[in-house]
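Novice: Let me begin by handing over the structure; questions about it come next.
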Amino acid sequence: MTSITTVVDKSINPIIFNISGGSSSSSNNNYEQLPPQSTPSSCDGIQPSVECLHRLHGTSILLDVSTLLRLPASTYATSCTIFHRTYHRLSLREHCVWSIALGCILLASKMEEEPRSVHSIILTFAHIYRRRRLRIGDDISKYSHGAADAEADNCATLNDQEKENVVRSAKPMSMMGPIYAEYKDTLFSIENIILQTLGFTLHWIPDSHPHKFILYFVRVLEIEEKDVAQKAWEFCNDSCRIDLCVRYEPEVIACAAILMACSIYNVELPLVPCPWWEVFVGCNRSQDLSNVCNSILAVGDEENLDVRRAKYAFVPSLLKQSSFNDPESYLWSKAD
């Protein structure tokens, strides 16, 4: 009988905060084979756990904005892929995640033919910015993020309903005002920076998401449980939160998502004479699947303080000089 070494064990999910390296068996130049210490941020002295926190923070912003703009999952996935690939070329000390996220949403909406106006993108980011400063949705009494996170002055004394009222009472942003101009200038300048950084070669990204393989793989495996495909799709969405799309082929991520979904719904798939995933991704990929599974599980662990910080709080940038929306910025003082 074939020995199966793939392990799906949530107890070891802190692997995510060490940003595990990519597959050694990958032959596609679109996927990184470098160790995590080779990222520009790590070369700039940023610890892997801190880099991962900021990646989670950036992609959680992309998720919130995509939801409010009613963008499809493919557009969200494209924006996350652009985001992660940009930070495999640029350091977090050069550009903050808020500015990069602005450019990623604009580019992804164009590429996926789901255009949104610059005006709507800016207003949505400004809305998310206010919510993050107030940590709406987070249990401040239970989860203390400490002085590392920036908050509005009255954040700790308000309940969620009062915070929502603060957000709703904010004055409409004037298109002729300095705040709108700051967002607009940042958006257009960072769009050009992303395009130059990635060599203007983004056309292949929409066709390289793991989501596109889910239904095909499920059909080939003759899985009749409909919830398996839906759950696997959700796992693929979670995979966008970290840089798995850079380190592993989409087929590997899709197989990992199906593996976890089948585990949840007790669907048995063939492991002899060889594991089922070898049909799709080849031999000797068990460790890759294990890494992907545990990284995805870690993203959904909201008891992890870093995951909660990324999802609910405002995490200050690591720029050598402050970002356009850091606590000491003009935007911060005028956000409410």
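Within each chain, counting starts at residue 1; across the structure tokens, chains are named A, B, ... in the order shown, with ligands numbered 1 upward in that order.
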Wanna dump the range 195-302 of chain A-range 66-88 of chain A contacts at 6 Å for me, each residue with its shortest atom pair and the distance in Å to one decimal, counting only C-alpha atoms, ordered by chain and number, as CSV?

Specialist:
residue,atom,partner,partner_atom,distance
A:Pro206,CA,A:Thr78,CA,5.9
A:Cys240,CA,A:Cys80,CA,5.9
A:Asp243,CA,A:His84,CA,5.6

Novice: Which distance in Å separates CA of Glu114 in chain A and CA of Arg132 in chain A, to one decimal?

Specialist: 25.8 Å

Novice: Range 123-276 of chain A: which residues are alpha helix (DSSP H) by DSSP, as a PyMOL selection string?

Specialist: chain A and resi 123-134+160-168+178-197+211-220+226-239+244-247+250-264

Novice: Just to be explicit: take each residue in the selection above, keep C-alpha atoms, and write the result as an mmCIF file, in the first residue's frame.

Specialist:
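As written to disk, selection21.cif reads:
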data_model
loop_
_atom_site.group_PDB
_atom_site.id
_atom_site.type_symbol
_atom_site.label_atom_id
_atom_site.label_comp_id
_atom_site.auth_asym_id
_atom_site.auth_seq_id
_atom_site.Cartn_x
_atom_site.Cartn_y
_atom_site.Cartn_z
ATOM 1 C CA LEU A 123 -15.259 56.147 -1.606
ATOM 2 C CA THR A 124 -15.214 52.424 -0.775
ATOM 3 C CA PHE A 125 -11.618 52.524 0.426
ATOM 4 C CA ALA A 126 -12.380 55.594 2.524
ATOM 5 C CA HIS A 127 -15.343 53.765 4.090
ATOM 6 C CA ILE A 128 -13.234 50.687 4.914
ATOM 7 C CA TYR A 129 -10.544 52.997 6.313
ATOM 8 C CA ARG A 130 -13.012 54.522 8.781
ATOM 9 C CA ARG A 131 -14.244 51.087 9.849
ATOM 10 C CA ARG A 132 -10.715 49.795 10.433
ATOM 11 C CA ARG A 133 -9.807 52.783 12.594
ATOM 12 C CA LEU A 134 -12.794 51.953 14.797
ATOM 13 C CA ASP A 160 -20.400 48.344 17.579
ATOM 14 C CA GLN A 161 -23.710 50.157 17.071
ATOM 15 C CA GLU A 162 -22.203 53.453 18.185
ATOM 16 C CA LYS A 163 -19.239 52.875 15.885
ATOM 17 C CA GLU A 164 -21.595 52.242 12.976
ATOM 18 C CA ASN A 165 -23.331 55.531 13.783
ATOM 19 C CA VAL A 166 -19.964 57.313 13.695
ATOM 20 C CA VAL A 167 -19.258 55.885 10.237
ATOM 21 C CA ARG A 168 -22.731 56.780 8.927
ATOM 22 C CA PRO A 178 -7.829 67.446 -0.531
ATOM 23 C CA ILE A 179 -8.771 64.004 0.849
ATOM 24 C CA TYR A 180 -10.214 62.853 -2.481
ATOM 25 C CA ALA A 181 -7.194 64.316 -4.275
ATOM 26 C CA GLU A 182 -4.842 62.361 -1.987
ATOM 27 C CA TYR A 183 -6.599 59.072 -2.734
ATOM 28 C CA LYS A 184 -6.786 59.811 -6.461
ATOM 29 C CA ASP A 185 -3.099 60.739 -6.762
ATOM 30 C CA THR A 186 -2.115 57.620 -4.824
ATOM 31 C CA LEU A 187 -4.353 55.405 -6.976
ATOM 32 C CA PHE A 188 -2.992 56.537 -10.334
ATOM 33 C CA SER A 189 0.647 56.623 -9.275
ATOM 34 C CA ILE A 190 0.525 53.155 -7.708
ATOM 35 C CA GLU A 191 -1.238 51.721 -10.759
ATOM 36 C CA ASN A 192 1.745 52.732 -12.872
ATOM 37 C CA ILE A 193 4.202 51.400 -10.308
ATOM 38 C CA ILE A 194 2.487 47.980 -10.231
ATOM 39 C CA LEU A 195 2.412 47.746 -14.017
ATOM 40 C CA GLN A 196 6.091 48.653 -14.285
ATOM 41 C CA THR A 197 7.038 46.289 -11.461
ATOM 42 C CA HIS A 211 -11.217 28.150 -8.752
ATOM 43 C CA LYS A 212 -11.210 27.310 -12.456
ATOM 44 C CA PHE A 213 -10.110 23.734 -11.728
ATOM 45 C CA ILE A 214 -12.546 22.902 -8.912
ATOM 46 C CA LEU A 215 -15.612 21.863 -10.926
ATOM 47 C CA TYR A 216 -13.509 20.007 -13.483
ATOM 48 C CA PHE A 217 -11.633 18.019 -10.828
ATOM 49 C CA VAL A 218 -14.845 17.257 -8.911
ATOM 50 C CA ARG A 219 -16.477 16.010 -12.096
ATOM 51 C CA VAL A 220 -13.516 13.787 -12.977
ATOM 52 C CA LYS A 226 -22.646 19.091 -4.079
ATOM 53 C CA ASP A 227 -21.431 20.751 -0.895
ATOM 54 C CA VAL A 228 -17.891 19.512 -1.556
ATOM 55 C CA ALA A 229 -17.459 21.772 -4.574
ATOM 56 C CA GLN A 230 -18.883 24.760 -2.689
ATOM 57 C CA LYS A 231 -16.609 24.187 0.298
ATOM 58 C CA ALA A 232 -13.583 23.687 -1.940
ATOM 59 C CA TRP A 233 -14.444 26.972 -3.657
ATOM 60 C CA GLU A 234 -14.475 28.705 -0.267
ATOM 61 C CA PHE A 235 -11.073 27.247 0.561
ATOM 62 C CA CYS A 236 -9.772 28.611 -2.745
ATOM 63 C CA ASN A 237 -11.035 32.047 -1.707
ATOM 64 C CA ASP A 238 -9.164 31.680 1.597
ATOM 65 C CA SER A 239 -6.000 30.714 -0.258
ATOM 66 C CA LEU A 244 0.159 30.530 -2.148
ATOM 67 C CA CYS A 245 -0.742 31.738 -5.650
ATOM 68 C CA VAL A 246 2.905 32.713 -6.136
ATOM 69 C CA ARG A 247 4.489 29.618 -4.621
ATOM 70 C CA PRO A 250 -3.327 26.546 -9.135
ATOM 71 C CA GLU A 251 -3.849 22.785 -9.666
ATOM 72 C CA VAL A 252 -2.062 22.068 -6.362
ATOM 73 C CA ILE A 253 -4.193 24.610 -4.491
ATOM 74 C CA ALA A 254 -7.374 23.205 -6.075
ATOM 75 C CA CYS A 255 -6.429 19.656 -5.048
ATOM 76 C CA ALA A 256 -5.701 20.821 -1.492
ATOM 77 C CA ALA A 257 -9.095 22.545 -1.334
ATOM 78 C CA ILE A 258 -10.882 19.398 -2.548
ATOM 79 C CA LEU A 259 -8.904 17.264 -0.087
ATOM 80 C CA MET A 260 -10.053 19.406 2.853
ATOM 81 C CA ALA A 261 -13.638 19.619 1.610
ATOM 82 C CA CYS A 262 -13.825 15.828 1.239
ATOM 83 C CA SER A 263 -12.420 15.456 4.739
ATOM 84 C CA ILE A 264 -15.186 17.690 6.142
#

Novice: So, counting only C-alpha atoms, which residue among A:Ile100, A:Ile46, A:Ile205, A:Ile296 is closest to Leu62 in chain A?

Specialist: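 Nearest to Leu62 in chain A: A:Ile100.
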
Novice: Tell me, in Å to one decimal, how far CA of Leu106 in chain A is from CA of Asn325 in chain A.

Specialist: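 Computing it gives 18.6 Å between the two atoms.
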
Novice: Could you tell me how far CA of Arg285 in chain A lies from CA of Asp306 in chain A, in Å and to one decimal?

Specialist: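 Rounded to one decimal, the two atoms are 29.0 Å apart.
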
Novice: For each of A:Lys311, A:His203, A:Arg55, A:His209, take the minimum atom-to-atom distance to Lys110 in chain A, counting only C-alpha atoms, then give the residue where this is smallest.

Specialist: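 Of all the options, A:His203 lies closest to Lys110 in chain A.
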
Novice: When distances are computed from only C-alpha atoms, which of A:Ser117, A:Thr59, A:Ser333, A:Thr201 shows the smallest separation from Val299 in chain A?

Specialist: A:Thr59
